[in-house]
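Text of query_36.cif, listed as mmCIF, C-alpha atoms and all ligand atoms; chains and numbers go by the auth columns:
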data_entry
#
loop_
_atom_site.group_PDB
_atom_site.id
_atom_site.type_symbol
_atom_site.label_atom_id
_atom_site.label_comp_id
_atom_site.label_asym_id
_atom_site.label_seq_id
_atom_site.Cartn_x
_atom_site.Cartn_y
_atom_site.Cartn_z
_atom_site.B_iso_or_equiv
_atom_site.auth_seq_id
_atom_site.auth_asym_id
ATOM 1 C CA MET A 1 26.190 5.591 9.201 0.00 268 A
ATOM 2 C CA PRO A 2 25.729 8.837 11.142 0.00 269 A
ATOM 3 C CA LEU A 3 23.314 11.423 9.880 0.00 270 A
ATOM 4 C CA ASN A 4 25.275 14.522 8.964 0.00 271 A
ATOM 5 C CA ASN A 5 22.654 16.833 7.616 0.00 272 A
ATOM 6 C CA VAL A 6 19.598 16.319 9.779 0.00 273 A
ATOM 7 C CA THR A 7 18.924 19.942 10.506 0.00 274 A
ATOM 8 C CA SER A 8 15.133 19.868 10.444 0.00 275 A
ATOM 9 C CA VAL A 9 14.654 17.105 13.000 0.00 276 A
ATOM 10 C CA PRO A 10 14.582 18.181 16.635 0.00 277 A
ATOM 11 C CA ASN A 11 17.221 16.710 18.900 0.00 278 A
ATOM 12 C CA PRO A 12 15.570 13.880 20.868 0.00 279 A
ATOM 13 C CA GLY A 13 15.206 14.923 24.455 0.00 280 A
ATOM 14 C CA SER A 14 15.566 18.630 23.724 0.00 281 A
ATOM 15 C CA ARG A 15 12.059 19.108 25.041 0.00 282 A
ATOM 16 C CA SER A 16 9.564 16.829 26.664 0.00 283 A
ATOM 17 C CA ASN A 17 7.399 16.317 23.580 0.00 284 A
ATOM 18 C CA ALA A 18 10.266 16.301 21.080 0.00 285 A
ATOM 19 C CA VAL A 19 9.831 14.242 17.922 0.00 286 A
ATOM 20 C CA ALA A 20 12.315 11.393 17.976 0.00 287 A
ATOM 21 C CA ARG A 21 14.884 11.222 15.218 0.00 288 A
ATOM 22 C CA ILE A 22 13.879 8.633 12.647 0.00 289 A
ATOM 23 C CA ARG A 23 16.166 5.634 12.500 0.00 290 A
ATOM 24 C CA GLY A 24 14.048 3.253 10.429 0.00 291 A
ATOM 25 C CA VAL A 25 11.275 3.407 7.825 0.00 292 A
ATOM 26 C CA LEU A 26 8.415 0.994 7.200 0.00 293 A
ATOM 27 C CA PHE A 27 6.256 1.222 4.099 0.00 294 A
ATOM 28 C CA ASP A 28 2.824 0.022 3.138 0.00 295 A
ATOM 29 C CA ILE A 29 3.044 -1.892 -0.167 0.00 296 A
ATOM 30 C CA ASP A 30 -0.214 -1.602 -2.124 0.00 297 A
ATOM 31 C CA ASP A 31 -0.593 1.873 -3.646 0.00 298 A
ATOM 32 C CA THR A 32 2.381 3.155 -1.648 0.00 299 A
ATOM 33 C CA LEU A 33 5.339 1.260 -3.152 0.00 300 A
ATOM 34 C CA VAL A 34 3.563 -0.729 -5.882 0.00 301 A
ATOM 35 C CA ASP A 35 1.062 0.930 -8.202 0.00 302 A
ATOM 36 C CA LEU A 36 -1.588 -1.703 -7.642 0.00 303 A
ATOM 37 C CA ASN A 37 -4.430 0.628 -8.630 0.00 304 A
ATOM 38 C CA SER A 38 -3.156 1.228 -12.169 0.00 305 A
ATOM 39 C CA ALA A 39 -2.339 -2.456 -12.637 0.00 306 A
ATOM 40 C CA SER A 40 -5.805 -3.439 -11.427 0.00 307 A
ATOM 41 C CA ILE A 41 -7.506 -1.048 -13.846 0.00 308 A
ATOM 42 C CA ARG A 42 -5.445 -2.211 -16.815 0.00 309 A
ATOM 43 C CA GLY A 43 -5.852 -5.863 -15.860 0.00 310 A
ATOM 44 C CA PHE A 44 -9.593 -5.436 -15.472 0.00 311 A
ATOM 45 C CA HIS A 45 -9.889 -3.786 -18.899 0.00 312 A
ATOM 46 C CA ARG A 46 -7.994 -6.632 -20.503 0.00 313 A
ATOM 47 C CA MET A 47 -10.193 -9.226 -18.827 0.00 314 A
ATOM 48 C CA THR A 48 -13.427 -7.490 -19.863 0.00 315 A
ATOM 49 C CA GLU A 49 -12.491 -6.510 -23.413 0.00 316 A
ATOM 50 C CA GLN A 50 -15.097 -8.831 -24.891 0.00 317 A
ATOM 51 C CA ASP A 51 -17.815 -8.883 -22.240 0.00 318 A
ATOM 52 C CA PHE A 52 -17.844 -5.080 -21.848 0.00 319 A
ATOM 53 C CA GLY A 53 -17.200 -4.369 -25.527 0.00 320 A
ATOM 54 C CA ASP A 54 -20.607 -2.775 -26.088 0.00 321 A
ATOM 55 C CA LEU A 55 -20.348 -0.368 -23.155 0.00 322 A
ATOM 56 C CA ALA A 56 -19.469 3.296 -23.603 0.00 323 A
ATOM 57 C CA PRO A 57 -15.757 3.925 -22.914 0.00 324 A
ATOM 58 C CA GLU A 58 -16.553 6.226 -19.985 0.00 325 A
ATOM 59 C CA ASP A 59 -18.759 3.561 -18.416 0.00 326 A
ATOM 60 C CA ARG A 60 -16.040 0.950 -18.819 0.00 327 A
ATOM 61 C CA GLU A 61 -13.524 3.292 -17.204 0.00 328 A
ATOM 62 C CA HIS A 62 -15.889 4.063 -14.335 0.00 329 A
ATOM 63 C CA ILE A 63 -16.472 0.365 -13.653 0.00 330 A
ATOM 64 C CA ALA A 64 -12.759 -0.456 -13.880 0.00 331 A
ATOM 65 C CA LYS A 65 -11.936 2.270 -11.367 0.00 332 A
ATOM 66 C CA ASP A 66 -14.715 1.095 -9.075 0.00 333 A
ATOM 67 C CA TYR A 67 -13.274 -2.420 -9.275 0.00 334 A
ATOM 68 C CA ALA A 68 -9.734 -1.198 -8.539 0.00 335 A
ATOM 69 C CA ASP A 69 -10.905 1.065 -5.698 0.00 336 A
ATOM 70 C CA ASP A 70 -12.961 -1.827 -4.294 0.00 337 A
ATOM 71 C CA GLY A 71 -16.332 -0.143 -4.456 0.00 338 A
ATOM 72 C CA ALA A 72 -17.711 -3.430 -3.137 0.00 339 A
ATOM 73 C CA GLY A 73 -15.830 -2.903 0.139 0.00 340 A
ATOM 74 C CA ALA A 74 -14.779 -6.537 -0.097 0.00 341 A
ATOM 75 C CA TYR A 75 -11.128 -6.235 0.893 0.00 342 A
ATOM 76 C CA GLU A 76 -11.902 -5.086 4.417 0.00 343 A
ATOM 77 C CA ARG A 77 -14.239 -8.068 4.717 0.00 344 A
ATOM 78 C CA TYR A 78 -11.324 -10.257 3.639 0.00 345 A
ATOM 79 C CA MET A 79 -9.148 -8.637 6.297 0.00 346 A
ATOM 80 C CA SER A 80 -11.804 -9.237 8.933 0.00 347 A
ATOM 81 C CA GLY A 81 -11.924 -12.924 8.005 0.00 348 A
ATOM 82 C CA GLU A 82 -15.424 -12.755 6.592 0.00 349 A
ATOM 83 C CA LEU A 83 -14.257 -13.535 3.042 0.00 350 A
ATOM 84 C CA THR A 84 -11.366 -15.500 1.561 0.00 351 A
ATOM 85 C CA PHE A 85 -8.989 -13.755 -0.833 0.00 352 A
ATOM 86 C CA LEU A 86 -10.729 -15.372 -3.790 0.00 353 A
ATOM 87 C CA GLY A 87 -14.085 -14.658 -2.175 0.00 354 A
ATOM 88 C CA GLN A 88 -13.400 -10.926 -2.011 0.00 355 A
ATOM 89 C CA ARG A 89 -12.311 -10.980 -5.626 0.00 356 A
ATOM 90 C CA ALA A 90 -15.515 -12.771 -6.616 0.00 357 A
ATOM 91 C CA GLU A 91 -17.516 -10.075 -4.820 0.00 358 A
ATOM 92 C CA ARG A 92 -15.722 -7.379 -6.796 0.00 359 A
ATOM 93 C CA ILE A 93 -16.219 -9.167 -10.108 0.00 360 A
ATOM 94 C CA ARG A 94 -19.927 -9.655 -9.413 0.00 361 A
ATOM 95 C CA ARG A 95 -20.310 -5.980 -8.520 0.00 362 A
ATOM 96 C CA ALA A 96 -18.519 -4.922 -11.711 0.00 363 A
ATOM 97 C CA TYR A 97 -20.761 -7.043 -13.914 0.00 364 A
ATOM 98 C CA GLY A 98 -23.744 -5.754 -11.993 0.00 365 A
ATOM 99 C CA LEU A 99 -22.726 -2.156 -12.698 0.00 366 A
ATOM 100 C CA ALA A 100 -22.443 -3.134 -16.369 0.00 367 A
ATOM 101 C CA LYS A 101 -25.905 -4.723 -16.146 0.00 368 A
ATOM 102 C CA LEU A 102 -24.432 -7.996 -17.340 0.00 369 A
ATOM 103 C CA GLN A 103 -24.604 -11.523 -15.958 0.00 370 A
ATOM 104 C CA ALA A 104 -21.457 -12.255 -13.974 0.00 371 A
ATOM 105 C CA PRO A 105 -19.528 -15.477 -14.615 0.00 372 A
ATOM 106 C CA GLU A 106 -20.727 -18.231 -12.325 0.00 373 A
ATOM 107 C CA ALA A 107 -18.924 -20.829 -10.221 0.00 374 A
ATOM 108 C CA GLU A 108 -16.225 -22.480 -12.340 0.00 375 A
ATOM 109 C CA ALA A 109 -16.115 -19.643 -14.880 0.00 376 A
ATOM 110 C CA LEU A 110 -15.645 -17.163 -12.051 0.00 377 A
ATOM 111 C CA GLY A 111 -12.678 -19.141 -10.789 0.00 378 A
ATOM 112 C CA ILE A 112 -11.145 -19.208 -14.263 0.00 379 A
ATOM 113 C CA TRP A 113 -11.733 -15.437 -14.605 0.00 380 A
ATOM 114 C CA SER A 114 -10.045 -14.815 -11.299 0.00 381 A
ATOM 115 C CA ALA A 115 -7.040 -17.021 -12.102 0.00 382 A
ATOM 116 C CA GLU A 116 -6.564 -15.399 -15.488 0.00 383 A
ATOM 117 C CA TYR A 117 -6.882 -11.953 -13.922 0.00 384 A
ATOM 118 C CA GLU A 118 -4.260 -12.885 -11.337 0.00 385 A
ATOM 119 C CA ARG A 119 -1.841 -13.990 -14.045 0.00 386 A
ATOM 120 C CA THR A 120 -2.531 -10.808 -16.011 0.00 387 A
ATOM 121 C CA VAL A 121 -2.236 -8.338 -13.160 0.00 388 A
ATOM 122 C CA ARG A 122 0.979 -9.918 -11.853 0.00 389 A
ATOM 123 C CA SER A 123 2.610 -9.054 -15.159 0.00 390 A
ATOM 124 C CA MET A 124 1.523 -5.430 -14.647 0.00 391 A
ATOM 125 C CA TRP A 125 2.779 -4.839 -11.107 0.00 392 A
ATOM 126 C CA GLU A 126 5.306 -2.008 -11.045 0.00 393 A
ATOM 127 C CA PRO A 127 6.730 0.306 -8.399 0.00 394 A
ATOM 128 C CA TYR A 128 5.948 4.003 -8.490 0.00 395 A
ATOM 129 C CA PRO A 129 8.712 5.930 -10.275 0.00 396 A
ATOM 130 C CA ASP A 130 10.048 7.515 -7.065 0.00 397 A
ATOM 131 C CA VAL A 131 10.510 4.321 -5.051 0.00 398 A
ATOM 132 C CA HIS A 132 14.036 3.273 -6.010 0.00 399 A
ATOM 133 C CA ALA A 133 15.390 6.805 -5.561 0.00 400 A
ATOM 134 C CA CYS A 134 13.852 6.903 -2.088 0.00 401 A
ATOM 135 C CA LEU A 135 15.350 3.560 -1.126 0.00 402 A
ATOM 136 C CA ASP A 136 18.695 4.682 -2.560 0.00 403 A
ATOM 137 C CA SER A 137 18.538 7.720 -0.246 0.00 404 A
ATOM 138 C CA LEU A 138 17.808 5.512 2.757 0.00 405 A
ATOM 139 C CA ASP A 139 20.703 3.223 1.809 0.00 406 A
ATOM 140 C CA VAL A 140 23.017 6.245 1.629 0.00 407 A
ATOM 141 C CA MET A 141 21.885 7.352 5.078 0.00 408 A
ATOM 142 C CA GLY A 142 22.178 3.860 6.506 0.00 409 A
ATOM 143 C CA ILE A 143 18.496 3.871 7.456 0.00 410 A
ATOM 144 C CA PRO A 144 16.988 0.353 7.464 0.00 411 A
ATOM 145 C CA TYR A 145 13.628 -0.121 5.799 0.00 412 A
ATOM 146 C CA GLY A 146 10.939 -2.737 5.329 0.00 413 A
ATOM 147 C CA ALA A 147 7.304 -3.255 4.403 0.00 414 A
ATOM 148 C CA VAL A 148 4.218 -3.909 6.505 0.00 415 A
ATOM 149 C CA SER A 149 1.170 -4.917 4.501 0.00 416 A
ATOM 150 C CA ASN A 150 -2.399 -6.070 4.941 0.00 417 A
ATOM 151 C CA ASN A 151 -2.119 -9.290 2.977 0.00 418 A
ATOM 152 C CA ILE A 152 -0.418 -12.677 3.128 0.00 419 A
ATOM 153 C CA GLU A 153 3.334 -12.199 3.564 0.00 420 A
ATOM 154 C CA SER A 154 4.360 -14.711 0.886 0.00 421 A
ATOM 155 C CA TYR A 155 1.972 -13.133 -1.625 0.00 422 A
ATOM 156 C CA GLN A 156 3.352 -9.677 -0.894 0.00 423 A
ATOM 157 C CA ARG A 157 6.938 -10.908 -1.149 0.00 424 A
ATOM 158 C CA ASP A 158 6.107 -12.240 -4.615 0.00 425 A
ATOM 159 C CA LYS A 159 4.602 -8.857 -5.449 0.00 426 A
ATOM 160 C CA LEU A 160 7.765 -7.037 -4.421 0.00 427 A
ATOM 161 C CA VAL A 161 9.970 -9.418 -6.437 0.00 428 A
ATOM 162 C CA LEU A 162 7.760 -9.190 -9.534 0.00 429 A
ATOM 163 C CA SER A 163 7.839 -5.395 -9.165 0.00 430 A
ATOM 164 C CA GLY A 164 11.635 -5.370 -9.018 0.00 431 A
ATOM 165 C CA LEU A 165 11.645 -4.474 -5.318 0.00 432 A
ATOM 166 C CA GLU A 166 13.374 -7.578 -3.965 0.00 433 A
ATOM 167 C CA ARG A 167 15.801 -5.205 -2.263 0.00 434 A
ATOM 168 C CA ILE A 168 13.134 -4.867 0.446 0.00 435 A
ATOM 169 C CA ALA A 169 14.074 -7.880 2.547 0.00 436 A
ATOM 170 C CA ILE A 170 11.941 -7.184 5.611 0.00 437 A
ATOM 171 C CA VAL A 171 8.271 -7.899 4.959 0.00 438 A
ATOM 172 C CA VAL A 172 5.474 -8.292 7.497 0.00 439 A
ATOM 173 C CA GLY A 173 2.111 -9.678 6.408 0.00 440 A
ATOM 174 C CA SER A 174 -1.167 -9.657 8.280 0.00 441 A
ATOM 175 C CA ASP A 175 -0.871 -13.459 8.583 0.00 442 A
ATOM 176 C CA THR A 176 2.611 -13.485 10.077 0.00 443 A
ATOM 177 C CA ALA A 177 1.844 -10.523 12.353 0.00 444 A
ATOM 178 C CA GLY A 178 -1.310 -12.162 13.665 0.00 445 A
ATOM 179 C CA ALA A 179 -3.591 -9.250 12.746 0.00 446 A
ATOM 180 C CA PRO A 180 -4.048 -6.655 10.010 0.00 447 A
ATOM 181 C CA LYS A 181 -3.371 -2.927 10.361 0.00 448 A
ATOM 182 C CA PRO A 182 -4.572 -0.791 12.139 0.00 449 A
ATOM 183 C CA ASP A 183 -3.844 -3.338 14.903 0.00 450 A
ATOM 184 C CA PRO A 184 -0.479 -2.398 16.480 0.00 451 A
ATOM 185 C CA ARG A 185 0.988 -5.902 16.082 0.00 452 A
ATOM 186 C CA PRO A 186 2.118 -5.649 12.428 0.00 453 A
ATOM 187 C CA PHE A 187 3.723 -2.248 13.097 0.00 454 A
ATOM 188 C CA HIS A 188 5.540 -3.547 16.164 0.00 455 A
ATOM 189 C CA GLU A 189 6.711 -6.661 14.306 0.00 456 A
ATOM 190 C CA GLY A 190 8.127 -4.415 11.574 0.00 457 A
ATOM 191 C CA CYS A 191 10.057 -2.372 14.159 0.00 458 A
ATOM 192 C CA ARG A 192 11.345 -5.549 15.766 0.00 459 A
ATOM 193 C CA LEU A 193 12.651 -6.837 12.440 0.00 460 A
ATOM 194 C CA LEU A 194 14.218 -3.465 11.617 0.00 461 A
ATOM 195 C CA GLY A 195 15.829 -3.351 15.046 0.00 462 A
ATOM 196 C CA THR A 196 14.554 0.172 15.652 0.00 463 A
ATOM 197 C CA LYS A 197 12.671 1.691 18.542 0.00 464 A
ATOM 198 C CA ILE A 198 8.982 2.151 17.853 0.00 465 A
ATOM 199 C CA ARG A 199 9.004 5.922 18.371 0.00 466 A
ATOM 200 C CA GLU A 200 12.055 6.258 16.119 0.00 467 A
ATOM 201 C CA THR A 201 10.389 4.452 13.218 0.00 468 A
ATOM 202 C CA LEU A 202 8.476 6.213 10.462 0.00 469 A
ATOM 203 C CA TYR A 203 5.553 4.534 8.727 0.00 470 A
ATOM 204 C CA VAL A 204 4.538 5.646 5.231 0.00 471 A
ATOM 205 C CA GLY A 205 1.204 4.592 3.761 0.00 472 A
ATOM 206 C CA ASP A 206 -1.715 5.713 1.609 0.00 473 A
ATOM 207 C CA ASN A 207 -4.584 4.811 3.943 0.00 474 A
ATOM 208 C CA PRO A 208 -5.439 7.479 6.553 0.00 475 A
ATOM 209 C CA ILE A 209 -6.941 4.971 8.991 0.00 476 A
ATOM 210 C CA ASN A 210 -5.150 1.634 8.583 0.00 477 A
ATOM 211 C CA ASP A 211 -1.768 3.215 7.907 0.00 478 A
ATOM 212 C CA VAL A 212 -1.510 6.646 9.504 0.00 479 A
ATOM 213 C CA GLN A 213 -3.868 6.398 12.463 0.00 480 A
ATOM 214 C CA GLY A 214 -2.834 2.788 13.041 0.00 481 A
ATOM 215 C CA ALA A 215 0.883 3.550 13.062 0.00 482 A
ATOM 216 C CA LYS A 216 0.454 6.583 15.316 0.00 483 A
ATOM 217 C CA SER A 217 -1.689 4.605 17.741 0.00 484 A
ATOM 218 C CA ALA A 218 1.031 1.942 17.791 0.00 485 A
ATOM 219 C CA GLY A 219 3.564 4.616 18.786 0.00 486 A
ATOM 220 C CA LEU A 220 5.323 5.107 15.453 0.00 487 A
ATOM 221 C CA GLN A 221 5.648 8.327 13.545 0.00 488 A
ATOM 222 C CA ALA A 222 3.530 8.278 10.408 0.00 489 A
ATOM 223 C CA VAL A 223 2.943 10.188 7.221 0.00 490 A
ATOM 224 C CA LEU A 224 0.316 9.830 4.522 0.00 491 A
ATOM 225 C CA ILE A 225 1.319 9.589 0.891 0.00 492 A
ATOM 226 C CA ASN A 226 -1.358 10.666 -1.538 0.00 493 A
ATOM 227 C CA ARG A 227 -0.828 8.545 -4.641 0.00 494 A
ATOM 228 C CA ALA A 228 -4.187 9.092 -6.281 0.00 495 A
ATOM 229 C CA PRO A 229 -5.524 12.519 -5.349 0.00 496 A
ATOM 230 C CA ASN A 230 -8.546 12.076 -7.582 0.00 497 A
ATOM 231 C CA HIS A 231 -9.597 8.954 -5.716 0.00 498 A
ATOM 232 C CA MET A 232 -8.953 9.948 -2.146 0.00 499 A
ATOM 233 C CA PRO A 233 -11.813 11.175 0.029 0.00 500 A
ATOM 234 C CA SER A 234 -11.494 14.773 1.092 0.00 501 A
ATOM 235 C CA SER A 235 -10.306 14.952 4.661 0.00 502 A
ATOM 236 C CA SER A 236 -8.473 17.449 6.793 0.00 503 A
ATOM 237 C CA GLU A 237 -6.025 14.637 7.483 0.00 504 A
ATOM 238 C CA LEU A 238 -4.933 14.822 3.853 0.00 505 A
ATOM 239 C CA LEU A 239 -3.791 18.418 4.176 0.00 506 A
ATOM 240 C CA GLY A 240 -0.572 17.134 5.637 0.00 507 A
ATOM 241 C CA SER A 241 -0.093 14.452 3.017 0.00 508 A
ATOM 242 C CA HIS A 242 2.732 14.187 0.528 0.00 509 A
ATOM 243 C CA THR A 243 2.688 13.273 -3.120 0.00 510 A
ATOM 244 C CA SER A 244 6.213 11.896 -3.423 0.00 511 A
ATOM 245 C CA LEU A 245 8.465 9.702 -1.318 0.00 512 A
ATOM 246 C CA ASN A 246 11.342 12.125 -1.794 0.00 513 A
ATOM 247 C CA SER A 247 9.427 14.925 -0.071 0.00 514 A
ATOM 248 C CA ILE A 248 8.692 12.578 2.827 0.00 515 A
ATOM 249 C CA ILE A 249 12.324 11.573 3.141 0.00 516 A
ATOM 250 C CA SER A 250 13.618 15.137 2.897 0.00 517 A
ATOM 251 C CA GLU A 251 11.100 16.542 5.383 0.00 518 A
ATOM 252 C CA ASN A 252 11.214 13.732 7.889 0.00 519 A
ATOM 253 C CA LEU A 253 14.752 12.456 7.650 0.00 520 A
ATOM 254 C CA GLY A 254 16.606 15.582 6.579 0.00 521 A
ATOM 255 C CA PHE A 255 17.976 14.279 3.293 0.00 522 A
ATOM 256 C CA PHE A 256 18.697 17.100 0.903 0.00 523 A
ATOM 257 C CA GLY A 257 20.778 15.313 -1.725 0.00 524 A
HETATM 258 MG MG MG B . -2.075 0.814 0.628 0.00 601 B
#
Spell out the structure here as structure tokens.
Amino acid sequence: MPLNNVTSVPNPGSRSNAVARIRGVLFDIDDTLVDLNSASIRGFHRMTEQDFGDLAPEDREHIAKDYADDGAGAYERYMSGELTFLGQRAERIRRAYGLAKLQAPEAEALGIWSAEYERTVRSMWEPYPDVHACLDSLDVMGIPYGAVSNNIESYQRDKLVLSGLERIAIVVGSDTAGAPKPDPRPFHEGCRLLGTKIRETLYVGDNPINDVQGAKSAGLQAVLINRAPNHMPSSSELLGSHTSLNSIISENLGFFG
């Protein structure tokens, strides 16, 4: 479908450094499409109702947010291959109990905790409220879209389905791409599956380094979405960030409907 109302996007080739018209969009999943942070906090509270019952509510909230924001820095160690997925979760659980000055579950109990948490949090996965409207807009414009995520592809496909986002058929995981973002390979694999040129593909994500810097280094256009302004580090990079997918679509793809 031709784009009829793309008035804000320069004509490709009109000048040497012109921004290419966007013909495809790739999204990060966690905390861009799916509100993983809120689900993690609620799931953590449910799992620690008894063990953390004597803590002050503000302390419980602080620890839950630290867990959801990965204050342990364990996820990057998972991405680097240093920890398994369950290993990074164990690190986060141990840190949370440490912050609560409580003895963390050990060995078998830790595995049971993690499995029960997984079951709980899966039931809480939801898309952000603006996601379907954004995808509807892309469908109207005939712009193909997909997801490129730093986790196992099959796990992330399940996450999209459980979140009601099975309409996103193209999914690239760090396992199937051969490397996690910010490596260029997952971005390039996403473009290949979309059938779009790299420079004509927009990447949308919530992580300034893995998503925005990574996509730009790989040759894509990129924009940061700021889903949790209270949790994001202050950075000049964030000045250009957006707080809704609709604003990204309207400013970058010229959709005004
Ligand atoms: Mg993310």
Please tabulate, as a Markdown table, the residues of chain A that come within 10 Å of ligand MG 601 (chain B), each with its closest pair of atoms and the distance in Å to one decimal, counting all atoms listed in the file and ordering rows by chain, then residue number upward.
| residue | atom | partner | partner_atom | distance |
| --- | --- | --- | --- | --- |
| A:Phe294 | CA | B:MG601 | MG | 9.0 |
| A:Asp295 | CA | B:MG601 | MG | 5.6 |
| A:Ile296 | CA | B:MG601 | MG | 5.8 |
| A:Asp297 | CA | B:MG601 | MG | 4.1 |
| A:Asp298 | CA | B:MG601 | MG | 4.6 |
| A:Thr299 | CA | B:MG601 | MG | 5.5 |
| A:Leu300 | CA | B:MG601 | MG | 8.3 |
| A:Val301 | CA | B:MG601 | MG | 8.7 |
| A:Asp302 | CA | B:MG601 | MG | 9.4 |
| A:Leu303 | CA | B:MG601 | MG | 8.7 |
| A:Asn304 | CA | B:MG601 | MG | 9.6 |
| A:Val415 | CA | B:MG601 | MG | 9.8 |
| A:Ser416 | CA | B:MG601 | MG | 7.6 |
| A:Asn417 | CA | B:MG601 | MG | 8.1 |
| A:Val471 | CA | B:MG601 | MG | 9.4 |
| A:Gly472 | CA | B:MG601 | MG | 5.9 |
| A:Asp473 | CA | B:MG601 | MG | 5.0 |
| A:Asn474 | CA | B:MG601 | MG | 5.8 |
| A:Pro475 | CA | B:MG601 | MG | 9.5 |
| A:Asn477 | CA | B:MG601 | MG | 8.6 |
| A:Asp478 | CA | B:MG601 | MG | 7.7 |
| A:Ile492 | CA | B:MG601 | MG | 9.4 |
| A:Arg494 | CA | B:MG601 | MG | 9.4 |
Size and centre in Å, one decimal, axis-aligned box, all listed region 361-369 of chain A atoms plus 4 Å per side, as lines of an AutoDock Vina configuration file:
center_x = -22.2
center_y = -5.9
center_z = -12.9
size_x = 15.4
size_y = 15.5
size_z = 16.8
- Message: Would you pick out the contacts of Ala400 (chain A) at 10 Å or less, using only C-alpha atoms, so that residues sharing its chain but fewer than 5 positions from it are not included, and give the list as a PyMOL selection string?
- Response: chain A and resi 405-406+512-513
- Message: Need the shell around region 444-461 of chain A: protein/DNA/RNA residues with any atom at most 12 Å away, counting all atoms listed in the file. Skip same-chain ones fewer than 3 positions apart. Format as a PyMOL selection string?
- Response: chain A and resi 289-295+342-348+409-420+435-441+464-472+474-489
Residue selection dump (C-alpha atoms) as a PDB file, keeping the file's coordinate frame:
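Dumped to out_6.pdb:
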ATOM      1  CA  ILE A 289      13.879   8.633  12.647  1.00  0.00           C
ATOM      2  CA  ARG A 290      16.166   5.634  12.500  1.00  0.00           C
ATOM      3  CA  GLY A 291      14.048   3.253  10.429  1.00  0.00           C
ATOM      4  CA  VAL A 292      11.275   3.407   7.825  1.00  0.00           C
ATOM      5  CA  LEU A 293       8.415   0.994   7.200  1.00  0.00           C
ATOM      6  CA  PHE A 294       6.256   1.222   4.099  1.00  0.00           C
ATOM      7  CA  ASP A 295       2.824   0.022   3.138  1.00  0.00           C
ATOM      8  CA  TYR A 342     -11.128  -6.235   0.893  1.00  0.00           C
ATOM      9  CA  GLU A 343     -11.902  -5.086   4.417  1.00  0.00           C
ATOM     10  CA  ARG A 344     -14.239  -8.068   4.717  1.00  0.00           C
ATOM     11  CA  TYR A 345     -11.324 -10.257   3.639  1.00  0.00           C
ATOM     12  CA  MET A 346      -9.148  -8.637   6.297  1.00  0.00           C
ATOM     13  CA  SER A 347     -11.804  -9.237   8.933  1.00  0.00           C
ATOM     14  CA  GLY A 348     -11.924 -12.924   8.005  1.00  0.00           C
ATOM     15  CA  GLY A 409      22.178   3.860   6.506  1.00  0.00           C
ATOM     16  CA  ILE A 410      18.496   3.871   7.456  1.00  0.00           C
ATOM     17  CA  PRO A 411      16.988   0.353   7.464  1.00  0.00           C
ATOM     18  CA  TYR A 412      13.628  -0.121   5.799  1.00  0.00           C
ATOM     19  CA  GLY A 413      10.939  -2.737   5.329  1.00  0.00           C
ATOM     20  CA  ALA A 414       7.304  -3.255   4.403  1.00  0.00           C
ATOM     21  CA  VAL A 415       4.218  -3.909   6.505  1.00  0.00           C
ATOM     22  CA  SER A 416       1.170  -4.917   4.501  1.00  0.00           C
ATOM     23  CA  ASN A 417      -2.399  -6.070   4.941  1.00  0.00           C
ATOM     24  CA  ASN A 418      -2.119  -9.290   2.977  1.00  0.00           C
ATOM     25  CA  ILE A 419      -0.418 -12.677   3.128  1.00  0.00           C
ATOM     26  CA  GLU A 420       3.334 -12.199   3.564  1.00  0.00           C
ATOM     27  CA  ILE A 435      13.134  -4.867   0.446  1.00  0.00           C
ATOM     28  CA  ALA A 436      14.074  -7.880   2.547  1.00  0.00           C
ATOM     29  CA  ILE A 437      11.941  -7.184   5.611  1.00  0.00           C
ATOM     30  CA  VAL A 438       8.271  -7.899   4.959  1.00  0.00           C
ATOM     31  CA  VAL A 439       5.474  -8.292   7.497  1.00  0.00           C
ATOM     32  CA  GLY A 440       2.111  -9.678   6.408  1.00  0.00           C
ATOM     33  CA  SER A 441      -1.167  -9.657   8.280  1.00  0.00           C
ATOM     34  CA  LYS A 464      12.671   1.691  18.542  1.00  0.00           C
ATOM     35  CA  ILE A 465       8.982   2.151  17.853  1.00  0.00           C
ATOM     36  CA  ARG A 466       9.004   5.922  18.371  1.00  0.00           C
ATOM     37  CA  GLU A 467      12.055   6.258  16.119  1.00  0.00           C
ATOM     38  CA  THR A 468      10.389   4.452  13.218  1.00  0.00           C
ATOM     39  CA  LEU A 469       8.476   6.213  10.462  1.00  0.00           C
ATOM     40  CA  TYR A 470       5.553   4.534   8.727  1.00  0.00           C
ATOM     41  CA  VAL A 471       4.538   5.646   5.231  1.00  0.00           C
ATOM     42  CA  GLY A 472       1.204   4.592   3.761  1.00  0.00           C
ATOM     43  CA  ASN A 474      -4.584   4.811   3.943  1.00  0.00           C
ATOM     44  CA  PRO A 475      -5.439   7.479   6.553  1.00  0.00           C
ATOM     45  CA  ILE A 476      -6.941   4.971   8.991  1.00  0.00           C
ATOM     46  CA  ASN A 477      -5.150   1.634   8.583  1.00  0.00           C
ATOM     47  CA  ASP A 478      -1.768   3.215   7.907  1.00  0.00           C
ATOM     48  CA  VAL A 479      -1.510   6.646   9.504  1.00  0.00           C
ATOM     49  CA  GLN A 480      -3.868   6.398  12.463  1.00  0.00           C
ATOM     50  CA  GLY A 481      -2.834   2.788  13.041  1.00  0.00           C
ATOM     51  CA  ALA A 482       0.883   3.550  13.062  1.00  0.00           C
ATOM     52  CA  LYS A 483       0.454   6.583  15.316  1.00  0.00           C
ATOM     53  CA  SER A 484      -1.689   4.605  17.741  1.00  0.00           C
ATOM     54  CA  ALA A 485       1.031   1.942  17.791  1.00  0.00           C
ATOM     55  CA  GLY A 486       3.564   4.616  18.786  1.00  0.00           C
ATOM     56  CA  LEU A 487       5.323   5.107  15.453  1.00  0.00           C
ATOM     57  CA  GLN A 488       5.648   8.327  13.545  1.00  0.00           C
ATOM     58  CA  ALA A 489       3.530   8.278  10.408  1.00  0.00           C
TER      59      ALA A 489
END
